[in-house]
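Structure file protein.csv (CSV, C-alpha atoms) is printed below.
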```csv
chain,number,residue,atom,x,y,z
X,10,MET,CA,120.8,106.1,94.9
X,11,VAL,CA,119.9,105.1,91.3
X,12,ASP,CA,119.4,101.4,90.6
X,13,SER,CA,121.8,99.6,88.2
X,14,GLY,CA,120.8,100.0,84.6
X,15,TYR,CA,119.1,103.3,85.0
X,16,PRO,CA,118.3,105.8,83.8
X,17,ARG,CA,116.4,104.2,80.9
X,18,ARG,CA,114.6,105.7,78.0
X,19,ILE,CA,111.1,106.7,78.9
X,20,GLU,CA,109.7,105.1,75.8
X,21,LEU,CA,110.2,101.7,77.5
X,22,PHE,CA,107.5,102.6,80.0
X,23,ARG,CA,104.3,102.3,78.0
X,24,GLY,CA,101.7,104.9,78.9
X,25,VAL,CA,104.0,107.2,80.8
X,26,PRO,CA,104.5,110.7,79.4
X,27,PRO,CA,107.9,112.3,78.6
X,28,ASN,CA,109.5,115.0,80.7
X,29,LEU,CA,108.4,113.7,84.1
X,30,ASP,CA,108.8,115.5,87.4
X,31,SER,CA,109.7,112.4,89.4
X,32,ALA,CA,109.3,108.7,89.9
X,33,MET,CA,109.5,106.2,92.7
X,34,THR,CA,108.8,102.5,93.4
X,35,TRP,CA,106.6,101.8,96.4
X,36,SER,CA,107.1,98.9,98.8
X,37,ASP,CA,104.5,96.8,96.9
X,38,GLY,CA,106.6,97.0,93.8
X,39,THR,CA,104.4,99.5,91.9
X,40,THR,CA,106.3,102.3,90.2
X,41,TYR,CA,104.7,105.7,90.3
X,42,PHE,CA,105.5,108.5,87.8
X,43,PHE,CA,104.6,112.1,88.5
X,44,LYS,CA,104.1,115.0,86.1
X,45,ASN,CA,102.5,118.3,87.0
X,46,ASN,CA,99.5,117.5,89.2
X,47,LEU,CA,99.0,113.9,87.8
X,48,TYR,CA,100.4,110.5,88.5
X,49,TRP,CA,100.5,107.2,86.8
X,50,ALA,CA,100.8,103.7,88.4
X,51,PHE,CA,103.0,101.5,86.4
X,52,ASN,CA,102.8,97.7,86.4
X,53,ASN,CA,106.4,96.5,86.4
X,54,THR,CA,105.4,92.9,85.4
X,55,TRP,CA,103.4,93.9,82.3
X,56,LEU,CA,105.5,97.0,81.6
X,57,LYS,CA,102.6,99.3,81.1
X,58,THR,CA,100.5,101.8,83.1
X,59,GLU,CA,97.6,100.5,85.1
X,60,PRO,CA,94.0,101.2,83.8
X,61,PHE,CA,92.3,104.4,84.8
X,62,TYR,CA,95.4,106.5,84.9
X,63,PRO,CA,96.5,109.3,85.1
X,64,GLN,CA,94.8,110.5,88.3
X,65,GLN,CA,95.1,113.6,90.4
X,66,ALA,CA,98.1,113.3,92.7
X,67,ALA,CA,96.9,115.6,95.4
X,68,GLU,CA,93.7,113.7,96.0
X,69,TYR,CA,95.5,110.3,96.5
X,70,TRP,CA,98.9,111.2,97.9
X,71,LEU,CA,97.9,114.2,100.1
X,72,GLY,CA,94.2,113.5,100.7
X,73,CYS,CA,93.2,116.9,99.2
X,74,HIS,CA,89.7,116.9,97.6
```

Could you write out this file's structure as structure tokens?
Amino acid sequence: MVDSGYPRRIELFRGVPPNLDSAMTWSDGTTYFFKNNLYWAFNNTWLKTEPFYPQQAAEYWLGCH
């Protein structure tokens, strides 16, 4: 189910690329955006991506090195 007020324009999410594959908000409130084999952690308070992103999705989410 989509939250009220969404979808929103991607330009509102500083540091996140266009044409994403998917997005989700984790239980800690961090929103993660996925594109190809990369992901970005987005700080919902400051409305920008966290430092040191993007990172490889498979390494973090699947434990593949």

Quick one: everything within 8 Å of region 15-26 of chain X, counting all atoms listed in the file, minus sequence neighbours fewer than 4 positions away in the same chain. Send it as a PDB file with C-alpha atoms, in the coordinates of the input.
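Result file follows (out.pdb):
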```pdb
ATOM      1  CA  VAL X  11     119.900 105.100  91.300  1.00  0.00           C
ATOM      2  CA  PHE X  42     105.500 108.500  87.800  1.00  0.00           C
ATOM      3  CA  LYS X  44     104.100 115.000  86.100  1.00  0.00           C
ATOM      4  CA  TRP X  49     100.500 107.200  86.800  1.00  0.00           C
ATOM      5  CA  PHE X  51     103.000 101.500  86.400  1.00  0.00           C
ATOM      6  CA  LEU X  56     105.500  97.000  81.600  1.00  0.00           C
ATOM      7  CA  LYS X  57     102.600  99.300  81.100  1.00  0.00           C
ATOM      8  CA  THR X  58     100.500 101.800  83.100  1.00  0.00           C
TER       9      THR X  58
END
```

Mind checking which residues fall within 12 Å of Trp35 (chain X), counting all atoms listed in the file, ignoring those fewer than 4 positions away in the same chain, and posting them as an mmCIF file with C-alpha atoms, in the frame of the given file?
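Output saved as around-v5.cif:
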```cif
data_model
loop_
_atom_site.group_PDB
_atom_site.id
_atom_site.type_symbol
_atom_site.label_atom_id
_atom_site.label_comp_id
_atom_site.auth_asym_id
_atom_site.auth_seq_id
_atom_site.Cartn_x
_atom_site.Cartn_y
_atom_site.Cartn_z
ATOM 1 C CA THR X 39 104.400 99.500 91.900
ATOM 2 C CA THR X 40 106.300 102.300 90.200
ATOM 3 C CA TYR X 41 104.700 105.700 90.300
ATOM 4 C CA PHE X 42 105.500 108.500 87.800
ATOM 5 C CA ALA X 50 100.800 103.700 88.400
ATOM 6 C CA PHE X 51 103.000 101.500 86.400
ATOM 7 C CA ASN X 52 102.800 97.700 86.400
ATOM 8 C CA ASN X 53 106.400 96.500 86.400
#
```

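Excluding Leu47 (chain X) itself and any same-chain residue fewer than 5 positions from it, the protein and nucleic acid residues within 6 Å of it, counting all atoms listed in the file, are Pro63, Gln64, Gln65 and Ala66 of chain X.
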
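Note that CA of Asn45 (chain X) and CA of Met10 (chain X) are 23.4 Å apart.
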
Discussion item. My list of candidates is X:Trp70, X:Phe43, X:Tyr48, X:Trp55. Which is closest to Leu29 (chain X) when distances are computed with only C-alpha atoms?
Written reply: X:Phe43

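Going from CA of Pro27 (chain X) to CA of Glu68 (chain X) covers 22.5 Å.
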
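The nearest approach to Thr34 (chain X) among the residues X:Phe61, X:Leu71, X:Asp12, X:Asn46, with only C-alpha atoms taken into account, belongs to X:Asp12.
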
Keeping N, CA and C atoms, write region 28-45 of chain X of the structure just shown out as a tab-separated table (two decimals), in the first residue's frame.
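Output (out15.tsv):
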```tsv
chain	number	residue	atom	x	y	z
X	28	ASN	N	14.81	7.26	-12.16
X	28	ASN	CA	14.55	5.93	-12.75
X	28	ASN	C	14.98	4.79	-11.82
X	29	LEU	N	14.52	4.85	-10.59
X	29	LEU	CA	14.86	3.83	-9.60
X	29	LEU	C	14.18	2.50	-9.89
X	30	ASP	N	14.76	1.44	-9.33
X	30	ASP	CA	14.13	0.12	-9.42
X	30	ASP	C	13.13	-0.09	-8.29
X	31	SER	N	13.49	0.39	-7.08
X	31	SER	CA	12.59	0.21	-5.94
X	31	SER	C	13.03	1.11	-4.78
X	32	ALA	N	12.16	1.17	-3.78
X	32	ALA	CA	12.44	1.94	-2.57
X	32	ALA	C	11.66	1.33	-1.43
X	33	MET	N	12.17	1.50	-0.22
X	33	MET	CA	11.47	1.01	0.97
X	33	MET	C	11.94	1.80	2.18
X	34	THR	N	11.11	1.84	3.19
X	34	THR	CA	11.50	2.45	4.46
X	34	THR	C	11.65	1.34	5.49
X	35	TRP	N	12.82	1.26	6.10
X	35	TRP	CA	13.14	0.24	7.10
X	35	TRP	C	12.50	0.61	8.43
X	36	SER	N	12.50	-0.32	9.35
X	36	SER	CA	11.87	-0.10	10.66
X	36	SER	C	12.53	1.01	11.48
X	37	ASP	N	13.79	1.36	11.17
X	37	ASP	CA	14.46	2.46	11.87
X	37	ASP	C	14.13	3.83	11.28
X	38	GLY	N	13.30	3.86	10.23
X	38	GLY	CA	12.89	5.11	9.61
X	38	GLY	C	13.74	5.54	8.44
X	39	THR	N	14.83	4.83	8.16
X	39	THR	CA	15.68	5.15	7.01
X	39	THR	C	15.00	4.64	5.75
X	40	THR	N	15.00	5.46	4.70
X	40	THR	CA	14.46	5.03	3.42
X	40	THR	C	15.63	4.61	2.54
X	41	TYR	N	15.48	3.48	1.88
X	41	TYR	CA	16.50	2.95	0.99
X	41	TYR	C	15.97	2.97	-0.43
X	42	PHE	N	16.81	3.47	-1.34
X	42	PHE	CA	16.48	3.52	-2.76
X	42	PHE	C	17.44	2.59	-3.50
X	43	PHE	N	16.92	1.85	-4.46
X	43	PHE	CA	17.70	0.86	-5.20
X	43	PHE	C	17.66	1.14	-6.69
X	44	LYS	N	18.84	1.04	-7.32
X	44	LYS	CA	18.92	1.16	-8.77
X	44	LYS	C	20.07	0.28	-9.24
X	45	ASN	N	19.76	-0.61	-10.17
X	45	ASN	CA	20.74	-1.59	-10.67
X	45	ASN	C	21.33	-2.33	-9.48
```
